[in-house]
Each structure stands twice: as C-alpha cells, then as structure tokens.
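Q: Supplied in structure tokens, the structure appears directly below.
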Amino acid sequence: MTSLIPWQQRLSTGTEDIQGEVIHWYQQTRHGKAYVPEMIWGTLQTEAYAGVILRNVVEFLGVPDDVAAGVAKRMERQQVLYDGEHHYDVILGEQALYTNVGGPEVMREQMERLLRDIDLPSLTLGVLPATAEVGVVPMPGFNMYDGGRVHYELVSSGVDITDTDELALHEKAFDALSSAASYGDAASRLISKALAFWSKG
C-alpha cells in the first residue's frame, strides 16, 4: 500500500509539528536505514545546516514560518544517536558532501560534524562514491523504519510504502548500495576531501 501526504497539508501549522512526528518515528525504530544521495541525513545535520533546509521548505511551500522551532525539534531528534538504544545504517551519496547548503562555513561545520560522529556505536555511515558501480538503477533517497515502512520525500508530498513485496525490493536495493559504498577510513577520506574543498571557500 502506498499513501500520498501533501506537504501543504502536513505543514499547515509550520515545521515544528511534523518534526515532532519524525522524532516519534525514530524513537520507535530500533534499527533504521537511510539512503540520502544529495543532502545530509537529517539526524546528522548541524543546527545551521538544518536551518537552511527548513528555511527553504518554508519559503518554497509558503507555509507558516516557525523555522527556529522546527530546527530545535530536529536537534532533539538526534538524541537517538546517543541513547544507546538505536542503530542506523546510513548511506550518503558523495554528492551530498558537495551540495551547497548555506555556503562554505555551514558546509565546513557539517563536514566536521560527520567526521566527529562517523564512529558512533549507533551509526554505520557509508559514502557512495560518485564513480562507484552500483548493481541497481539510480533512485531517489529513502528511509526505512521498523514496522514495515519505507518513506520518500517528494517535491509535493511524502510517500509511505508498506507493501511486503516493495519493502523486500527496497532491502535488496539498500544492500546493493551498501556493497558499493565506502565505510570506515575510506568514508572518512571522502568526507575529509569535501572538508578541504569547503575550507578553500
């Protein structure tokens, strides 16, 4: 089953309420997975990076401006990385390290955050190199949660997938992406390369 949830409806009161919902999803998910090809996974975003993202959401969709409250909730959600009760397998596309969100200072701080957190026990962080050969067709990013749900964020809506066969295909796709991604020191080198790039700015 697939459900479409228009953003204008979900964000009719601003960004804070939906960030609260996301906190609930993450708290309920003991082992989550995420593939994020072109931006930093929300649960690893710095406050400044998250502020730029949510500001863009507010201005693009024309929803109530509560960016500060939304960012505060996004920072609250990150406690799942430190409470010892959760684990997340996350794959960032190498492009995510170079997509300009807020300019060089914001991006430098974000790369530093990734390098600090890459060894967290709660996190398995991979970076998919731009030149990696992957045994699956290119696809948009998605999150996988306990309880049999895959979530996509599209331009106009969020999409939840719960069909068993579709979930199995997403597991297969994630495994293919993971097989092609770099982890550990190799991932750190890719992030450090991006940090050097943004430090020149």
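Letters A, B, ... go to the chains of the structure tokens in the order shown; residues in each chain start at 1; ligands are counted from 1 in the same order.
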List every residue of stretch 145-192 of chain A that DSSP, applied to the backbone, labels as helix (DSSP H, G or I), and write the result as a PyMOL selection string.
A: chain A and resi 164-180+184-192
Q: Skipping near chain neighbours, those fewer than 4 positions away, what residues fall within 9 Å of A:Val67 using only C-alpha atoms, listed as a list in words?
A: Gly14, Thr15, Glu16, Gly51, Val52, Leu54, Arg55, Val58, Val71 and Ala72 of chain A
Q: Export, as a PDB file, in the first residue's frame, the selected residues with C-alpha atoms.
A:
ATOM      1  CA  GLY A  14       4.612  25.089  10.180  1.00  0.00           C
ATOM      2  CA  THR A  15       7.560  22.724  10.507  1.00  0.00           C
ATOM      3  CA  GLU A  16       7.571  22.009  14.255  1.00  0.00           C
ATOM      4  CA  GLY A  51      18.122  25.909   9.495  1.00  0.00           C
ATOM      5  CA  VAL A  52      18.902  26.470   5.822  1.00  0.00           C
ATOM      6  CA  LEU A  54      13.844  24.261   6.783  1.00  0.00           C
ATOM      7  CA  ARG A  55      14.028  27.914   5.681  1.00  0.00           C
ATOM      8  CA  VAL A  58       9.036  27.338   4.418  1.00  0.00           C
ATOM      9  CA  VAL A  71      15.217  23.231  13.917  1.00  0.00           C
ATOM     10  CA  ALA A  72      15.001  22.764  17.689  1.00  0.00           C
TER      11      ALA A  72
END
Q: Just to confirm, what's the straight-line distance from atom CA of A:Leu125 to atom CA of A:Glu171 in Å (one decimal)?
A: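 Atom CA of A:Glu171 lies at a distance of 16.7 Å from atom CA of A:Leu125.
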Q: Could you tell me how far atom CA of A:Gln110 lies from atom CA of A:Glu59, in Å and to one decimal?
A: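 Here the two named atoms are 22.5 Å from each other.
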Q: Quick one: residues within 12 Å of A:Ala48, only C-alpha atoms counted, chain neighbours fewer than 5 positions away excluded, as a list in words?
A: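 The contact residues come out as Gly42, Ile53, Leu54, Arg55, Val67, Ala68, Val71, Ala72, Arg74, Met75, Val101, Gly102, Gly103, Pro104, Glu105, Val106, Met107, Arg108, Glu109, Gln110 and Arg113 of chain A.
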Q: I'd like to know which of A:Leu190, A:Leu81, A:Ala196, A:Leu11 is closest to A:Ser122, using only C-alpha atoms.
A: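 Once distances to A:Ser122 are computed over only C-alpha atoms, the minimum belongs to A:Leu81.
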Q: Quick one: of A:Leu123, A:Ala168, A:Leu154, A:Met111, who's nearest to A:Gly32, counting only C-alpha atoms?
A: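 The answer is A:Leu123, which sits nearest to A:Gly32.
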Q: Can you work out the spacing between atom CA of A:Tyr35 and atom CA of A:Phe142 in Å, to one decimal?
A: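 Separating atom CA of A:Tyr35 from atom CA of A:Phe142 is a distance of 5.4 Å.
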Q: Which residues are near A:Asp17? Cut-off 9 Å, only C-alpha atoms, ignore same chain within fewer than 5 positions. Put them as a count of residues only.
A: 5
Q: Between A:Gln28, A:Ser188, A:Ser182, A:Ser157, which is the closest to A:Ala132 once you count only C-alpha atoms?
A: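 The answer is A:Ser182, which sits nearest to A:Ala132.
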Q: Please provide the set of residues having any atom within 9 Å of A:Thr43, restricted to only C-alpha atoms, with same-chain residues fewer than 2 positions apart removed, written as a short mmCIF file (atom, residue, chain, number, x, y, z; two decimals) with all heavy atoms, in the first residue's frame.
A:
data_model
loop_
_atom_site.label_atom_id
_atom_site.label_comp_id
_atom_site.auth_asym_id
_atom_site.auth_seq_id
_atom_site.Cartn_x
_atom_site.Cartn_y
_atom_site.Cartn_z
N ILE A 40 22.61 15.92 3.40
CA ILE A 40 22.99 15.24 4.62
C ILE A 40 21.74 14.71 5.31
O ILE A 40 20.73 15.42 5.42
CB ILE A 40 23.79 16.17 5.55
CG1 ILE A 40 25.01 16.73 4.82
CG2 ILE A 40 24.21 15.44 6.82
CD1 ILE A 40 25.96 15.70 4.26
N TRP A 41 21.81 13.47 5.78
CA TRP A 41 20.71 12.86 6.53
C TRP A 41 20.31 13.76 7.69
O TRP A 41 21.16 14.27 8.43
CB TRP A 41 21.19 11.51 7.02
CG TRP A 41 20.22 10.66 7.75
CD1 TRP A 41 18.96 10.30 7.35
CD2 TRP A 41 20.44 10.01 9.01
NE1 TRP A 41 18.39 9.47 8.27
CE2 TRP A 41 19.27 9.27 9.31
CE3 TRP A 41 21.51 9.97 9.90
CZ2 TRP A 41 19.15 8.51 10.46
CZ3 TRP A 41 21.39 9.21 11.04
CH2 TRP A 41 20.23 8.50 11.33
N GLN A 45 22.43 16.38 10.65
CA GLN A 45 22.60 17.77 10.26
C GLN A 45 22.98 18.65 11.43
O GLN A 45 22.50 18.47 12.56
CB GLN A 45 21.29 18.30 9.64
CG GLN A 45 20.97 17.68 8.30
CD GLN A 45 19.61 18.12 7.76
OE1 GLN A 45 18.93 18.95 8.35
NE2 GLN A 45 19.22 17.55 6.64
N THR A 46 23.86 19.62 11.18
CA THR A 46 24.13 20.64 12.18
C THR A 46 22.94 21.58 12.29
O THR A 46 22.06 21.60 11.42
CB THR A 46 25.37 21.46 11.82
OG1 THR A 46 25.09 22.18 10.60
CG2 THR A 46 26.60 20.59 11.63
N ARG A 74 14.33 19.18 15.28
CA ARG A 74 15.26 18.32 14.53
C ARG A 74 16.48 18.00 15.37
O ARG A 74 16.99 16.87 15.35
CB ARG A 74 15.65 18.96 13.20
CG ARG A 74 16.60 18.11 12.38
CD ARG A 74 16.64 18.50 10.92
NE ARG A 74 15.39 18.16 10.25
CZ ARG A 74 15.23 18.21 8.93
NH1 ARG A 74 16.23 18.57 8.14
NH2 ARG A 74 14.06 17.91 8.38
N MET A 75 16.97 18.97 16.13
CA MET A 75 18.11 18.70 17.01
C MET A 75 17.71 17.73 18.12
O MET A 75 18.50 16.85 18.50
CB MET A 75 18.61 20.01 17.62
CG MET A 75 19.19 21.02 16.61
SD MET A 75 20.59 20.40 15.62
CE MET A 75 19.76 20.04 14.05
N ARG A 77 15.58 15.34 17.88
CA ARG A 77 15.50 14.00 17.28
C ARG A 77 16.86 13.31 17.27
O ARG A 77 16.95 12.08 17.34
CB ARG A 77 14.94 14.17 15.88
CG ARG A 77 15.50 13.30 14.77
CD ARG A 77 14.83 13.71 13.48
NE ARG A 77 15.51 13.26 12.30
CZ ARG A 77 15.24 13.72 11.09
NH1 ARG A 77 14.32 14.64 10.90
NH2 ARG A 77 15.89 13.26 10.03
N GLN A 78 17.94 14.07 17.25
CA GLN A 78 19.26 13.48 17.15
C GLN A 78 19.70 12.76 18.41
O GLN A 78 20.72 12.06 18.41
CB GLN A 78 20.27 14.56 16.74
CG GLN A 78 19.96 15.16 15.38
CD GLN A 78 20.98 16.17 14.91
OE1 GLN A 78 21.98 16.41 15.57
NE2 GLN A 78 20.74 16.75 13.75
N GLN A 79 18.93 12.88 19.49
CA GLN A 79 19.27 12.17 20.72
C GLN A 79 19.26 10.66 20.52
O GLN A 79 19.89 9.93 21.30
CB GLN A 79 18.30 12.57 21.84
CG GLN A 79 18.47 14.01 22.30
CD GLN A 79 19.91 14.32 22.70
OE1 GLN A 79 20.50 13.62 23.52
NE2 GLN A 79 20.47 15.37 22.12
N VAL A 80 18.56 10.17 19.49
CA VAL A 80 18.55 8.72 19.25
C VAL A 80 19.95 8.20 18.91
O VAL A 80 20.20 7.00 19.03
CB VAL A 80 17.55 8.33 18.13
CG1 VAL A 80 16.13 8.63 18.55
CG2 VAL A 80 17.89 9.02 16.80
N LEU A 81 20.84 9.09 18.49
CA LEU A 81 22.21 8.66 18.18
C LEU A 81 23.04 8.42 19.43
O LEU A 81 24.10 7.81 19.36
CB LEU A 81 22.90 9.72 17.31
CG LEU A 81 22.34 9.93 15.90
CD1 LEU A 81 23.05 11.11 15.24
CD2 LEU A 81 22.51 8.67 15.06
#
Q: Determine, counting only C-alpha atoms, which protein, DNA and RNA residues have an atom within 7 Å of an atom of A:Gln95; residues of the same chain fewer than 4 positions away are not included. Present the result as a JSON list (two decimals) with all heavy atoms, in the first residue's frame.
A:
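Done, and the output landed in out_5.json:
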[["chain", "number", "residue", "atom", "x", "y", "z"],
["A", 37, "PRO", "N", 21.09, 10.55, -1.28],
["A", 37, "PRO", "CA", 22.10, 10.77, -2.31],
["A", 37, "PRO", "C", 22.60, 12.19, -2.44],
["A", 37, "PRO", "O", 23.75, 12.39, -2.89],
["A", 37, "PRO", "CB", 21.39, 10.32, -3.59],
["A", 37, "PRO", "CG", 19.94, 10.46, -3.30],
["A", 37, "PRO", "CD", 19.78, 10.18, -1.83],
["A", 38, "GLU", "N", 21.81, 13.21, -2.07],
["A", 38, "GLU", "CA", 22.20, 14.58, -2.45],
["A", 38, "GLU", "C", 22.21, 15.58, -1.31],
["A", 38, "GLU", "O", 22.48, 16.76, -1.53],
["A", 38, "GLU", "CB", 21.28, 15.08, -3.57],
["A", 38, "GLU", "CG", 21.45, 14.27, -4.85],
["A", 38, "GLU", "CD", 20.57, 14.76, -5.98],
["A", 38, "GLU", "OE1", 19.55, 15.43, -5.69],
["A", 38, "GLU", "OE2", 20.90, 14.50, -7.14],
["A", 99, "THR", "N", 26.74, 19.29, -2.20],
["A", 99, "THR", "CA", 25.55, 20.10, -2.44],
["A", 99, "THR", "C", 25.60, 21.30, -1.51],
["A", 99, "THR", "O", 25.65, 21.15, -0.29],
["A", 99, "THR", "CB", 24.27, 19.28, -2.18],
["A", 99, "THR", "OG1", 24.25, 18.15, -3.06],
["A", 99, "THR", "CG2", 23.03, 20.13, -2.42],
["A", 130, "ALA", "N", 31.04, 8.91, -6.15],
["A", 130, "ALA", "CA", 30.36, 9.33, -7.38],
["A", 130, "ALA", "C", 30.64, 8.39, -8.54],
["A", 130, "ALA", "O", 29.80, 8.23, -9.45],
["A", 130, "ALA", "CB", 30.77, 10.76, -7.73]]
Q: Which polymer residues have any atom within 9 Å of an atom of A:Lys33, counting only C-alpha atoms, with same-chain residues fewer than 5 positions away left out, as a list of chain:residue names?
A: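 Those residues are A:His87, A:Tyr88, A:Asp89, A:Val90, A:Ile91, A:Phe142, A:Asn143, A:Met144, A:Tyr145, A:Phe174.
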Q: Kindly save the residues from that selection, with N, CA and C atoms included, as a PDB file, in the first residue's frame.
A:
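part.pdb written:
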ATOM      1  N   HIS A  87      20.126   1.932  16.328  1.00  0.00           N
ATOM      2  CA  HIS A  87      21.218   1.838  15.367  1.00  0.00           C
ATOM      3  C   HIS A  87      20.686   2.193  13.983  1.00  0.00           C
ATOM      4  N   TYR A  88      21.491   2.943  13.244  1.00  0.00           N
ATOM      5  CA  TYR A  88      21.096   3.396  11.913  1.00  0.00           C
ATOM      6  C   TYR A  88      22.195   3.109  10.913  1.00  0.00           C
ATOM      7  N   ASP A  89      21.826   2.472   9.817  1.00  0.00           N
ATOM      8  CA  ASP A  89      22.708   2.283   8.668  1.00  0.00           C
ATOM      9  C   ASP A  89      22.379   3.383   7.666  1.00  0.00           C
ATOM     10  N   VAL A  90      23.330   4.245   7.397  1.00  0.00           N
ATOM     11  CA  VAL A  90      23.083   5.416   6.548  1.00  0.00           C
ATOM     12  C   VAL A  90      24.105   5.449   5.420  1.00  0.00           C
ATOM     13  N   ILE A  91      23.614   5.651   4.212  1.00  0.00           N
ATOM     14  CA  ILE A  91      24.480   5.813   3.046  1.00  0.00           C
ATOM     15  C   ILE A  91      24.233   7.193   2.459  1.00  0.00           C
ATOM     16  N   PHE A 142      15.632   7.397   0.376  1.00  0.00           N
ATOM     17  CA  PHE A 142      14.522   6.858   1.147  1.00  0.00           C
ATOM     18  C   PHE A 142      14.988   6.483   2.541  1.00  0.00           C
ATOM     19  N   ASN A 143      14.022   6.406   3.459  1.00  0.00           N
ATOM     20  CA  ASN A 143      14.252   5.960   4.827  1.00  0.00           C
ATOM     21  C   ASN A 143      13.461   4.690   5.074  1.00  0.00           C
ATOM     22  N   MET A 144      14.061   3.751   5.815  1.00  0.00           N
ATOM     23  CA  MET A 144      13.398   2.501   6.164  1.00  0.00           C
ATOM     24  C   MET A 144      13.268   2.435   7.680  1.00  0.00           C
ATOM     25  N   TYR A 145      12.046   2.194   8.138  1.00  0.00           N
ATOM     26  CA  TYR A 145      11.754   2.168   9.566  1.00  0.00           C
ATOM     27  C   TYR A 145      11.272   0.790   9.992  1.00  0.00           C
ATOM     28  N   PHE A 174      18.952  -1.454  -0.973  1.00  0.00           N
ATOM     29  CA  PHE A 174      19.860  -0.915   0.045  1.00  0.00           C
ATOM     30  C   PHE A 174      21.113  -1.780   0.153  1.00  0.00           C
TER      31      PHE A 174
END
Q: Give me, as a VMD selection string, the residues of stretch 28-185 of chain A that a backbone DSSP run labels strand (DSSP E).
A: chain A and resid 31 to 36 87 to 93 123 to 128 142 to 145 149 to 153 157 to 161
Q: Restricting the output to N, CA and C atoms, write the selected residues as a CSV table (one decimal), in the first residue's frame.
A:
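Saved as part17.csv:
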chain,number,residue,atom,x,y,z
A,31,HIS,N,16.3,-0.2,14.6
A,31,HIS,CA,17.3,-0.4,13.5
A,31,HIS,C,16.7,0.2,12.3
A,32,GLY,N,17.2,1.4,11.9
A,32,GLY,CA,16.7,2.1,10.7
A,32,GLY,C,17.8,2.1,9.6
A,33,LYS,N,17.3,2.4,8.4
A,33,LYS,CA,18.3,2.5,7.3
A,33,LYS,C,17.9,3.8,6.5
A,34,ALA,N,18.8,4.4,5.9
A,34,ALA,CA,18.6,5.6,5.1
A,34,ALA,C,19.6,5.7,3.9
A,35,TYR,N,19.1,6.0,2.8
A,35,TYR,CA,19.9,6.3,1.6
A,35,TYR,C,19.6,7.8,1.2
A,36,VAL,N,20.6,8.6,1.3
A,36,VAL,CA,20.4,10.0,1.0
A,36,VAL,C,21.4,10.5,0.0
A,87,HIS,N,20.1,1.9,16.3
A,87,HIS,CA,21.2,1.8,15.4
A,87,HIS,C,20.7,2.2,14.0
A,88,TYR,N,21.5,2.9,13.2
A,88,TYR,CA,21.1,3.4,11.9
A,88,TYR,C,22.2,3.1,10.9
A,89,ASP,N,21.8,2.5,9.8
A,89,ASP,CA,22.7,2.3,8.7
A,89,ASP,C,22.4,3.4,7.7
A,90,VAL,N,23.3,4.2,7.4
A,90,VAL,CA,23.1,5.4,6.5
A,90,VAL,C,24.1,5.4,5.4
A,91,ILE,N,23.6,5.7,4.2
A,91,ILE,CA,24.5,5.8,3.0
A,91,ILE,C,24.2,7.2,2.5
A,92,LEU,N,25.3,8.0,2.4
A,92,LEU,CA,25.2,9.3,1.8
A,92,LEU,C,25.8,9.2,0.4
A,93,GLY,N,25.2,9.8,-0.6
A,93,GLY,CA,25.9,9.9,-1.9
A,93,GLY,C,27.0,10.9,-1.7
A,123,LEU,N,25.8,4.2,14.8
A,123,LEU,CA,25.8,4.6,13.4
A,123,LEU,C,26.8,3.8,12.5
A,124,THR,N,26.3,3.3,11.4
A,124,THR,CA,27.1,2.8,10.3
A,124,THR,C,27.0,3.7,9.2
A,125,LEU,N,28.0,4.5,8.9
A,125,LEU,CA,27.9,5.6,7.9
A,125,LEU,C,28.7,5.3,6.7
A,126,GLY,N,28.1,5.1,5.6
A,126,GLY,CA,28.8,4.9,4.3
A,126,GLY,C,28.7,6.1,3.4
A,127,VAL,N,29.6,6.2,2.5
A,127,VAL,CA,29.6,7.2,1.4
A,127,VAL,C,29.7,6.5,0.1
A,128,LEU,N,28.7,6.7,-0.7
A,128,LEU,CA,28.7,6.1,-2.1
A,128,LEU,C,29.5,7.0,-3.0
A,142,PHE,N,15.6,7.4,0.4
A,142,PHE,CA,14.5,6.9,1.1
A,142,PHE,C,15.0,6.5,2.5
A,143,ASN,N,14.0,6.4,3.5
A,143,ASN,CA,14.3,6.0,4.8
A,143,ASN,C,13.5,4.7,5.1
A,144,MET,N,14.1,3.8,5.8
A,144,MET,CA,13.4,2.5,6.2
A,144,MET,C,13.3,2.4,7.7
A,145,TYR,N,12.0,2.2,8.1
A,145,TYR,CA,11.8,2.2,9.6
A,145,TYR,C,11.3,0.8,10.0
A,149,ARG,N,7.9,-0.1,6.9
A,149,ARG,CA,7.6,1.2,6.2
A,149,ARG,C,8.8,1.8,5.6
A,150,VAL,N,8.7,2.2,4.4
A,150,VAL,CA,9.7,3.0,3.7
A,150,VAL,C,9.1,4.3,3.4
A,151,HIS,N,9.9,5.4,3.6
A,151,HIS,CA,9.4,6.7,3.4
A,151,HIS,C,10.2,7.5,2.4
A,152,TYR,N,9.5,8.1,1.4
A,152,TYR,CA,10.2,9.0,0.5
A,152,TYR,C,9.7,10.4,0.7
A,153,GLU,N,10.5,11.4,0.5
A,153,GLU,CA,10.1,12.8,0.5
A,153,GLU,C,10.2,13.3,-0.9
A,157,SER,N,4.8,16.0,-1.8
A,157,SER,CA,4.2,15.1,-0.8
A,157,SER,C,5.3,14.2,-0.2
A,158,GLY,N,4.9,13.5,0.9
A,158,GLY,CA,5.6,12.4,1.4
A,158,GLY,C,4.9,11.1,1.0
A,159,VAL,N,5.7,10.1,0.8
A,159,VAL,CA,5.1,8.8,0.3
A,159,VAL,C,5.6,7.7,1.3
A,160,ASP,N,4.6,7.0,1.8
A,160,ASP,CA,4.9,5.8,2.6
A,160,ASP,C,4.6,4.5,1.9
A,161,ILE,N,5.5,3.6,1.9
A,161,ILE,CA,5.3,2.3,1.2
A,161,ILE,C,5.3,1.2,2.3
Q: Looking at A:Glu94, A:Glu166, A:Gly135, A:Glu47, which one is nearest to A:Gly148, with distances taken over only C-alpha atoms?
A: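 The closest residue to A:Gly148 is A:Glu166.
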